[in-house]
Amino acid sequence: MKLKTLLILIMGIIILSCNTDETISPDTQAPTVPTNLTVSNIINVSLDLRWNASTDNIEVTEYEVYQDEVNIGTSKDTTYSVSGLTANTTYSFTVKAKDAAGNISGASNVVNATTTNTNAVQYTLTTNTTGQGTVSEGGIYNSGTPVTVTATPASGWDFSGWSGALSGNTNPTSITMNSDKAVTATFTKAPVTSTSTEKYRLTWRGNTSTTMVVGWNQVRGTNPVVHYGTTDFGSNAGSYPLSKTVDRTVSSKGMNNNYARLTGLQADTAYYFVIKDSEGVSKRFWFKTAPSDPNTRLSIVAGGDSRNNRTPRQNANKLVAKIRPHAVLFGGDMTSSSSSSQWQNWFEDWQLTIGSDGRMIPVVAARGNHEKSNDIRDLFDIPTAAGGEYYALSFGGSLMRTYTLNTEVTPAGTQGTWLANDLTSNSANHTWAVAQYHRATRPHEPGKSEQNDQYEAWSKPFYTHAVQLVMESDSHVVKRTWPIKPSTGSGSDEGFVRVDSDPKRAIYVGEGCWGAPLRNASDTKNWTRAAGSFNQFKWLWIDKNKIELRTIKVDNASSVGQLSDNNLFVLPTNIDIWNPTGGSVVTVDNPH
Ligand SMILES: [Fe+2]
């Protein structure tokens with residue numbers, strides 16, 4: 001066997017050698033021309049050159065540097081320090097790339113530079129590091145020059161602050177050269193991400209611009225604290241200026257659900273946070289508070305019913321991470337039987353709404369018929385008394401008020417009184433009032449029963465107080481209506497009549513499909529605008545003039561583009577928008 005292996009090896013070498021002999025030919029191809037030659041750090045006797053690398057069919061071996069067309073040296077990389085210059089003199093520079101066979105490229109662009117006057121006062125900036133990382137800049141600068149220094153930690157390290165001629169931890173930062181200076185950047189080893197916390201979620205109990213509830217499952221460890229602030233310090237918990245201990249712990253669905261209720265936040269502002277406990281530090285997450293200015297546009301995702309089908313559920317969650325709305329309104333029936341394992345899977349899937357940069361999206365959760373009393377309260381820390389689970393939140397100051405109602409307790413009674421009172425107090429001083437709840441009042445799936453109590457307790461006051469948009473779930477179908485109002489008069493169907501120009505009319509949309517068994521939308525009404533059956537949620541852009549609503553099909557989530565935080569009011573590439581008869585966009589004009 002050994003002899004056979006040896007023979008094969010020898011044969012291989014012979015074949016390889018033959019091939020090499022046959023294919024070898026002289027390299028006559030020169031490297032590409034170096035580009036973007038620039039000059040920096042000009043003083044009286046020296047300056048620095050820098051350029052973009054050339055490429056070659058084999059390999060670029062070095063660059064030749066020319067000063068006034070005379071070769072003054074070579075560089076293996078794309079920088080060169082020219083020294084021995086005369087003060088107050090203009091020089092021109094070019095570089096050429098060279099390969100191993102001696103082929104030389106053409107000359108780069110020409111840069112001219114004039115050295116400074118000998119009399120110029122100059123100072124030296126010395127940069128040092130502690131730990132692993134680098135600092136940009138350093139060298140000789142003319143007096144008065146502002147120098148921007150940037151500390152870049154090595155992988156697995158965090159930047160923790162400046163010392164010497166700089167202090168604090170602003171990065172990058174500027175230093176003015178009015179004397180010789182030395183700065184030190186300190187890098188500390190980044191803590192290993194702790195797995196003692198998981199299943200993170202963000203919710204609101206009150207003001208959406210100034211508060212945020214950070215919730216999670218505490219798997220093990222003690223004394224968890226949320227460390228947060230408006231500057232991103234990565235996993236360096238101690239650098240965050242603010243901290244909050246846990247306000248509420250509730251054992252529910254096999255999880256130790258912790259809630260830290262952050263208050264006193266600034267509106268429309270990014271906050272970065274980590275959770276530190278006895279075991280270590282979580283990954284770094286961030287969120288944005290809702291705007292308080294009614295002139296700021298809102299992006300909202302609304303849907304519900306995610307109880308059985310994890311694939312569409314995960315796809316919808318991935319899409320949330322891509323379009324980064326201010327909030328998700330979720331209309332109930334998260335799980336099938338509200339068991340511990342199903343809820344843990346649900347929150348595991350919810351983590352897909354978190355961006356790759358740690359961006360988290362708050363959820364405004366409603367109770368469905370598959371949730372037991374207090375499940376929503378205990379898993380999302382919503383602001384209700386036990387058994388209530390209905391609440392209202394304002395977004396964008398006076399721009400929008402959302403009513404999250406509970407179809408699993410009587411729609412009238414205490415809830416109906418609360419709704420009527422809140423609508424009376426608040427609907428007129430908000431541009432928009434919208435509602436979300438679980439069971440559709442007039443379901444578009446024939447097996448679902450009519451909710452006449454909701455019709456009386458909710459649809460009628462919605463009309464009285466000009467609630468403009470109503471988001472329903474439960475039926476696992478897709479629907480959008482024409483503008484309608486409750487009426488049994490001529491032309492009405494199931495107690496509603498189409499009224500396009502009535503300023504108090506509402507559009508009803510729904511009904512579920514965030515990962516539940518799809519059903520047949522065959523129970524349409526004469527005021528149904530379009531109906532269907534597919535996995536979807538609604539995406540709303542809301543400003544003072546109008547609401548634009550689109551129904552987003554979620555199945556192709558993986559191929560949809562990622563929106564940038566700079567512009568969240570564009571359609572990402574490949575997004576699949578429902579386009580029924582009548583068009584893809586429902587526009588609700590401000591009736592006020
Ligand atoms: Fe349901």
# chains A, B, ... in the order shown; residues from 1 in each chain; ligands from 1
>>> closest_atom_pairs(of="chain A", to="ligand 1", cutoff="7 Å", atoms="only C-alpha atoms and all ligand atoms", output="CSV")
residue,atom,partner,partner_atom_place_in_ligand_line,distance
A:Asp305,CA,ligand 1,1 (Fe),6.8
A:Asp333,CA,ligand 1,1 (Fe),5.5
A:Gly368,CA,ligand 1,1 (Fe),5.5
A:Asn369,CA,ligand 1,1 (Fe),5.1
A:His370,CA,ligand 1,1 (Fe),6.3
A:His438,CA,ligand 1,1 (Fe),6.5
A:Arg439,CA,ligand 1,1 (Fe),6.3
A:Ser473,CA,ligand 1,1 (Fe),7.0
A:Asp474,CA,ligand 1,1 (Fe),3.7
A:Ser475,CA,ligand 1,1 (Fe),6.5
>>> write_last_selection(atoms="all heavy atoms", output="PDB file, in the first residue's frame")
ATOM      1  N   ASP A 305     -52.631  37.413  14.984  1.00  0.00           N
ATOM      2  CA  ASP A 305     -52.852  35.990  14.714  1.00  0.00           C
ATOM      3  C   ASP A 305     -51.595  35.293  14.187  1.00  0.00           C
ATOM      4  O   ASP A 305     -51.361  35.199  12.989  1.00  0.00           O
ATOM      5  CB  ASP A 305     -54.019  35.782  13.733  1.00  0.00           C
ATOM      6  CG  ASP A 305     -55.338  36.113  14.377  1.00  0.00           C
ATOM      7  OD1 ASP A 305     -55.897  35.249  15.066  1.00  0.00           O
ATOM      8  OD2 ASP A 305     -55.785  37.275  14.234  1.00  0.00           O
ATOM      9  N   ASP A 333     -54.012  36.705  19.741  1.00  0.00           N
ATOM     10  CA  ASP A 333     -53.807  35.313  19.303  1.00  0.00           C
ATOM     11  C   ASP A 333     -52.365  35.079  18.866  1.00  0.00           C
ATOM     12  O   ASP A 333     -52.089  34.594  17.763  1.00  0.00           O
ATOM     13  CB  ASP A 333     -54.792  34.920  18.195  1.00  0.00           C
ATOM     14  CG  ASP A 333     -56.148  34.496  18.753  1.00  0.00           C
ATOM     15  OD1 ASP A 333     -56.371  34.668  19.983  1.00  0.00           O
ATOM     16  OD2 ASP A 333     -56.977  33.999  17.971  1.00  0.00           O
ATOM     17  N   GLY A 368     -56.213  38.344  22.446  1.00  0.00           N
ATOM     18  CA  GLY A 368     -57.104  37.581  21.591  1.00  0.00           C
ATOM     19  C   GLY A 368     -57.790  36.489  22.378  1.00  0.00           C
ATOM     20  O   GLY A 368     -57.547  36.306  23.573  1.00  0.00           O
ATOM     21  N   ASN A 369     -58.657  35.726  21.683  1.00  0.00           N
ATOM     22  CA  ASN A 369     -59.397  34.675  22.388  1.00  0.00           C
ATOM     23  C   ASN A 369     -58.516  33.495  22.783  1.00  0.00           C
ATOM     24  O   ASN A 369     -58.913  32.678  23.601  1.00  0.00           O
ATOM     25  CB  ASN A 369     -60.573  34.192  21.537  1.00  0.00           C
ATOM     26  CG  ASN A 369     -60.145  33.693  20.185  1.00  0.00           C
ATOM     27  OD1 ASN A 369     -59.589  34.441  19.397  1.00  0.00           O
ATOM     28  ND2 ASN A 369     -60.381  32.424  19.917  1.00  0.00           N
ATOM     29  N   HIS A 370     -57.296  33.414  22.222  1.00  0.00           N
ATOM     30  CA  HIS A 370     -56.382  32.347  22.633  1.00  0.00           C
ATOM     31  C   HIS A 370     -55.499  32.750  23.805  1.00  0.00           C
ATOM     32  O   HIS A 370     -54.701  31.947  24.273  1.00  0.00           O
ATOM     33  CB  HIS A 370     -55.530  31.885  21.446  1.00  0.00           C
ATOM     34  CG  HIS A 370     -56.305  31.092  20.456  1.00  0.00           C
ATOM     35  ND1 HIS A 370     -56.248  29.717  20.374  1.00  0.00           N
ATOM     36  CD2 HIS A 370     -57.204  31.485  19.511  1.00  0.00           C
ATOM     37  CE1 HIS A 370     -57.053  29.301  19.411  1.00  0.00           C
ATOM     38  NE2 HIS A 370     -57.641  30.351  18.873  1.00  0.00           N
ATOM     39  N   HIS A 438     -59.083  42.312  18.764  1.00  0.00           N
ATOM     40  CA  HIS A 438     -58.946  40.978  18.162  1.00  0.00           C
ATOM     41  C   HIS A 438     -60.116  40.577  17.247  1.00  0.00           C
ATOM     42  O   HIS A 438     -59.972  40.488  16.044  1.00  0.00           O
ATOM     43  CB  HIS A 438     -58.725  39.928  19.251  1.00  0.00           C
ATOM     44  CG  HIS A 438     -58.450  38.585  18.666  1.00  0.00           C
ATOM     45  ND1 HIS A 438     -57.333  38.337  17.897  1.00  0.00           N
ATOM     46  CD2 HIS A 438     -59.165  37.434  18.671  1.00  0.00           C
ATOM     47  CE1 HIS A 438     -57.361  37.092  17.470  1.00  0.00           C
ATOM     48  NE2 HIS A 438     -58.468  36.525  17.924  1.00  0.00           N
ATOM     49  N   ARG A 439     -61.268  40.278  17.788  1.00  0.00           N
ATOM     50  CA  ARG A 439     -62.370  39.724  16.975  1.00  0.00           C
ATOM     51  C   ARG A 439     -62.980  40.802  16.066  1.00  0.00           C
ATOM     52  O   ARG A 439     -63.323  41.887  16.530  1.00  0.00           O
ATOM     53  CB  ARG A 439     -63.487  39.199  17.880  1.00  0.00           C
ATOM     54  CG  ARG A 439     -63.095  38.014  18.728  1.00  0.00           C
ATOM     55  CD  ARG A 439     -64.280  37.633  19.601  1.00  0.00           C
ATOM     56  NE  ARG A 439     -63.859  36.804  20.730  1.00  0.00           N
ATOM     57  CZ  ARG A 439     -64.186  35.526  20.865  1.00  0.00           C
ATOM     58  NH1 ARG A 439     -64.934  34.917  19.959  1.00  0.00           N
ATOM     59  NH2 ARG A 439     -63.779  34.854  21.924  1.00  0.00           N
ATOM     60  N   SER A 473     -58.617  41.513  13.831  1.00  0.00           N
ATOM     61  CA  SER A 473     -57.872  40.267  13.593  1.00  0.00           C
ATOM     62  C   SER A 473     -58.824  39.079  13.671  1.00  0.00           C
ATOM     63  O   SER A 473     -60.008  39.201  13.354  1.00  0.00           O
ATOM     64  CB  SER A 473     -56.737  40.128  14.615  1.00  0.00           C
ATOM     65  OG  SER A 473     -55.684  41.010  14.306  1.00  0.00           O
ATOM     66  N   ASP A 474     -58.293  37.929  14.049  1.00  0.00           N
ATOM     67  CA  ASP A 474     -59.051  36.734  14.448  1.00  0.00           C
ATOM     68  C   ASP A 474     -59.502  35.828  13.315  1.00  0.00           C
ATOM     69  O   ASP A 474     -59.505  34.620  13.476  1.00  0.00           O
ATOM     70  CB  ASP A 474     -60.270  37.134  15.303  1.00  0.00           C
ATOM     71  CG  ASP A 474     -61.036  35.929  15.808  1.00  0.00           C
ATOM     72  OD1 ASP A 474     -60.378  34.998  16.309  1.00  0.00           O
ATOM     73  OD2 ASP A 474     -62.275  35.918  15.698  1.00  0.00           O
ATOM     74  N   SER A 475     -59.903  36.344  12.149  1.00  0.00           N
ATOM     75  CA  SER A 475     -60.530  35.481  11.140  1.00  0.00           C
ATOM     76  C   SER A 475     -59.539  34.807  10.209  1.00  0.00           C
ATOM     77  O   SER A 475     -59.905  33.906   9.471  1.00  0.00           O
ATOM     78  CB  SER A 475     -61.518  36.290  10.300  1.00  0.00           C
ATOM     79  OG  SER A 475     -62.318  37.083  11.112  1.00  0.00           O
TER      80      SER A 475
END
>>> residues_around(residues="Val110 in chain A", least_positions_apart="6", cutoff="12 Å", atoms="only C-alpha atoms", output="list of chain:residue names")
A:Pro34, A:Thr35, A:Asn36, A:Leu37, A:Thr38, A:Val39, A:Leu49, A:Trp51, A:Val65, A:Tyr66, A:Gln67, A:Asp68, A:Glu69, A:Tyr91, A:Ser92, A:Phe93, A:Thr94, A:Val95, A:Lys96
>>> atom_distance(atom1="CA of Val183 in chain A", atom2="CA of Tyr240 in chain A")
22.5 Å
>>> residues_around(residues="Thr424 in chain A", least_positions_apart="2", cutoff="12 Å", atoms="only C-alpha atoms", output="list of chain:residue names")
A:Thr417, A:Trp418, A:Leu419, A:Ala420, A:Asn421, A:Asp422, A:Asn426, A:Ser427, A:Ala428, A:Asn429, A:His430, A:Ala433, A:Pro461, A:Phe462, A:Thr464, A:His465, A:Ala466, A:Val467
>>> write_last_selection(atoms="N, CA and C atoms", output="compact mmCIF listing (two decimals), in the first residue's frame")
# COMPACT_ATOMS: atom_id res chain seq x y z
N THR A 417 -67.36 52.18 29.05
CA THR A 417 -67.37 53.49 29.73
C THR A 417 -66.00 54.16 29.60
N TRP A 418 -64.95 53.35 29.83
CA TRP A 418 -63.59 53.88 29.70
C TRP A 418 -63.35 54.40 28.28
N LEU A 419 -63.77 53.61 27.28
CA LEU A 419 -63.56 54.01 25.89
C LEU A 419 -64.29 55.31 25.58
N ALA A 420 -65.55 55.37 25.97
CA ALA A 420 -66.34 56.57 25.69
C ALA A 420 -65.71 57.79 26.36
N ASN A 421 -65.25 57.62 27.60
CA ASN A 421 -64.65 58.75 28.31
C ASN A 421 -63.35 59.20 27.65
N ASP A 422 -62.51 58.21 27.27
CA ASP A 422 -61.23 58.59 26.66
C ASP A 422 -61.44 59.24 25.30
N ASN A 426 -60.11 62.86 24.48
CA ASN A 426 -58.89 62.90 23.68
C ASN A 426 -59.05 62.83 22.17
N SER A 427 -60.14 62.29 21.65
CA SER A 427 -60.16 62.07 20.20
C SER A 427 -60.13 63.41 19.45
N ALA A 428 -60.78 64.44 19.99
CA ALA A 428 -60.84 65.71 19.26
C ALA A 428 -59.50 66.43 19.25
N ASN A 429 -58.66 66.19 20.28
CA ASN A 429 -57.38 66.89 20.28
C ASN A 429 -56.24 66.07 19.68
N HIS A 430 -56.57 64.98 19.00
CA HIS A 430 -55.58 64.24 18.21
C HIS A 430 -56.01 64.30 16.74
N ALA A 433 -57.52 59.20 15.43
CA ALA A 433 -57.81 58.19 16.45
C ALA A 433 -57.97 56.87 15.69
N PRO A 461 -69.65 54.55 19.04
CA PRO A 461 -68.80 55.66 19.52
C PRO A 461 -67.62 55.96 18.59
N PHE A 462 -67.09 54.96 17.88
CA PHE A 462 -66.04 55.26 16.89
C PHE A 462 -66.56 56.31 15.92
N THR A 464 -69.15 58.42 16.34
CA THR A 464 -69.42 59.69 17.04
C THR A 464 -68.15 60.52 17.19
N HIS A 465 -67.04 59.81 17.50
CA HIS A 465 -65.79 60.52 17.80
C HIS A 465 -64.80 60.49 16.63
N ALA A 466 -65.26 60.11 15.46
CA ALA A 466 -64.45 60.15 14.24
C ALA A 466 -63.17 59.32 14.36
N VAL A 467 -63.27 58.11 14.88
CA VAL A 467 -62.14 57.16 14.79
C VAL A 467 -62.04 56.76 13.32
>>> select_by_dssp(residues="range 167-370 of chain A", states="helix (DSSP H, G or I)", output="JSON, numbers by chain")
{"A": [237, 238, 239, 310, 311, 312, 313, 314, 315, 316, 317, 318, 319, 320, 321, 322, 323, 340, 341, 342, 343, 344, 345, 346, 347, 348, 349, 350, 351, 352, 353]}
>>> closest_residue(among="A:Ser341, A:Ala185, A:Asn207, A:Ser282", to="Arg401 in chain A", atoms="only C-alpha atoms")
A:Asn207
>>> residues_around(residues="Arg519 in chain A", least_positions_apart="3", cutoff="10 Å", atoms="only C-alpha atoms", output="count of residues only")
14
>>> residues_around(residues="range 168-177 of chain A", least_positions_apart="6", cutoff="10 Å", atoms="only C-alpha atoms", output="list in words")
Gln122, Tyr123, Thr124, Leu125, Val135, Ser136, Ile140, Tyr141, Asn142, Ser143, Gly144, Thr145, Pro146, Val147, Thr148, Val149, Thr150, Ala151, Thr152, Phe159, Ser160, Gly161, Trp162, Val183, Ala185, Thr186, Thr231, Phe233 and Ser239 of chain A
>>> residues_around(residues="range 480-496 of chain A", least_positions_apart="4", cutoff="7 Å", atoms="only C-alpha atoms", output="list in words")
Ser459, Lys460, Tyr463, Asp500, Arg505, Ala506, Ile507, Tyr508, Val509, Gly510, Lys525, Asn526, Trp527, Thr528, Arg529, Ala530 and Ala531 of chain A
>>> write_last_selection(atoms="N, CA and C atoms", output="CSV table (one decimal), in the first residue's frame")
chain,number,residue,atom,x,y,z
A,459,SER,N,-68.4,50.4,17.6
A,459,SER,CA,-68.5,51.0,16.3
A,459,SER,C,-69.3,52.3,16.4
A,460,LYS,N,-70.3,52.3,17.2
A,460,LYS,CA,-71.1,53.6,17.3
A,460,LYS,C,-70.3,54.7,17.9
A,463,TYR,N,-67.8,56.1,15.5
A,463,TYR,CA,-68.4,57.1,14.5
A,463,TYR,C,-68.6,58.4,15.2
A,500,ASP,N,-68.5,57.6,1.5
A,500,ASP,CA,-67.1,58.1,1.1
A,500,ASP,C,-66.8,59.5,1.7
A,505,ARG,N,-66.4,58.9,9.0
A,505,ARG,CA,-66.4,57.5,8.6
A,505,ARG,C,-65.1,56.9,9.0
A,506,ALA,N,-65.1,55.5,9.0
A,506,ALA,CA,-63.9,54.8,9.3
A,506,ALA,C,-63.6,53.7,8.2
A,507,ILE,N,-62.4,53.4,8.1
A,507,ILE,CA,-62.0,52.2,7.2
A,507,ILE,C,-61.6,51.1,8.2
A,508,TYR,N,-62.2,49.9,7.9
A,508,TYR,CA,-61.9,48.8,8.8
A,508,TYR,C,-60.9,47.8,7.9
A,509,VAL,N,-59.8,47.4,8.6
A,509,VAL,CA,-58.9,46.5,7.9
A,509,VAL,C,-58.6,45.3,8.8
A,510,GLY,N,-58.1,44.2,8.2
A,510,GLY,CA,-57.8,43.1,9.0
A,510,GLY,C,-57.6,41.9,8.1
A,525,LYS,N,-69.0,42.0,2.2
A,525,LYS,CA,-70.2,42.8,2.4
A,525,LYS,C,-70.3,43.8,1.2
A,526,ASN,N,-71.4,44.5,1.1
A,526,ASN,CA,-71.4,45.5,-0.1
A,526,ASN,C,-70.5,46.7,0.1
A,527,TRP,N,-69.9,46.8,1.3
A,527,TRP,CA,-68.9,47.9,1.6
A,527,TRP,C,-67.5,47.3,1.7
A,528,THR,N,-67.3,46.0,1.4
A,528,THR,CA,-66.0,45.5,1.3
A,528,THR,C,-65.2,46.0,0.1
A,529,ARG,N,-64.1,46.6,0.3
A,529,ARG,CA,-63.3,47.1,-0.9
A,529,ARG,C,-62.5,46.0,-1.5
A,530,ALA,N,-61.9,45.1,-0.7
A,530,ALA,CA,-61.1,44.0,-1.3
A,530,ALA,C,-60.9,43.0,-0.2
A,531,ALA,N,-60.8,41.7,-0.6
A,531,ALA,CA,-60.6,40.6,0.4
A,531,ALA,C,-59.7,39.6,-0.2
>>> select_by_dssp(residues="range 266-408 of chain A", states="strand (DSSP E)", output="PyMOL selection string")
chain A and resi 270-277+280-281+285-288+298-303+327-330+363-365+391-395+400-404
>>> residues_around(residues="Val363 in chain A", least_positions_apart="6", cutoff="6 Å", atoms="only C-alpha atoms", output="number ranges by chain")
A: 203, 327-329
>>> write_last_selection(atoms="C-alpha atoms", output="PDB file, in the first residue's frame")
ATOM      1  CA  THR A 203     -43.494  47.871  25.330  1.00  0.00           C
ATOM      2  CA  ALA A 327     -44.165  50.407  16.727  1.00  0.00           C
ATOM      3  CA  VAL A 328     -45.985  47.173  15.962  1.00  0.00           C
ATOM      4  CA  LEU A 329     -49.673  46.988  16.895  1.00  0.00           C
TER       5      LEU A 329
END
>>> closest_residue(among="A:Thr587, A:Thr134, A:Asn257, A:Thr55", to="Asp375 in chain A", atoms="only C-alpha atoms")
A:Asn257
>>> decode(residues="range 219-242 of chain A", atoms="C-alpha atoms", output="PDB file, in the first residue's frame")
ATOM      1  CA  VAL A 219     -32.743  32.747  32.837  1.00  0.00           C
ATOM      2  CA  ARG A 220     -30.302  32.880  35.748  1.00  0.00           C
ATOM      3  CA  GLY A 221     -28.157  35.406  37.579  1.00  0.00           C
ATOM      4  CA  THR A 222     -29.148  38.128  40.012  1.00  0.00           C
ATOM      5  CA  ASN A 223     -29.372  41.922  40.260  1.00  0.00           C
ATOM      6  CA  PRO A 224     -30.087  42.732  36.617  1.00  0.00           C
ATOM      7  CA  VAL A 225     -29.746  46.428  35.733  1.00  0.00           C
ATOM      8  CA  VAL A 226     -30.473  48.139  32.418  1.00  0.00           C
ATOM      9  CA  HIS A 227     -27.617  50.516  31.575  1.00  0.00           C
ATOM     10  CA  TYR A 228     -28.596  53.016  28.894  1.00  0.00           C
ATOM     11  CA  GLY A 229     -28.007  56.377  27.272  1.00  0.00           C
ATOM     12  CA  THR A 230     -28.010  58.245  23.996  1.00  0.00           C
ATOM     13  CA  THR A 231     -24.391  57.367  23.172  1.00  0.00           C
ATOM     14  CA  ASP A 232     -23.470  53.876  22.048  1.00  0.00           C
ATOM     15  CA  PHE A 233     -20.875  52.404  24.392  1.00  0.00           C
ATOM     16  CA  GLY A 234     -21.296  48.904  23.048  1.00  0.00           C
ATOM     17  CA  SER A 235     -21.221  46.271  25.760  1.00  0.00           C
ATOM     18  CA  ASN A 236     -19.341  48.582  28.127  1.00  0.00           C
ATOM     19  CA  ALA A 237     -22.116  48.769  30.750  1.00  0.00           C
ATOM     20  CA  GLY A 238     -20.216  51.106  33.075  1.00  0.00           C
ATOM     21  CA  SER A 239     -19.883  53.805  30.423  1.00  0.00           C
ATOM     22  CA  TYR A 240     -23.634  54.366  30.021  1.00  0.00           C
ATOM     23  CA  PRO A 241     -24.704  57.420  32.023  1.00  0.00           C
ATOM     24  CA  LEU A 242     -28.123  56.069  33.093  1.00  0.00           C
TER      25      LEU A 242
END
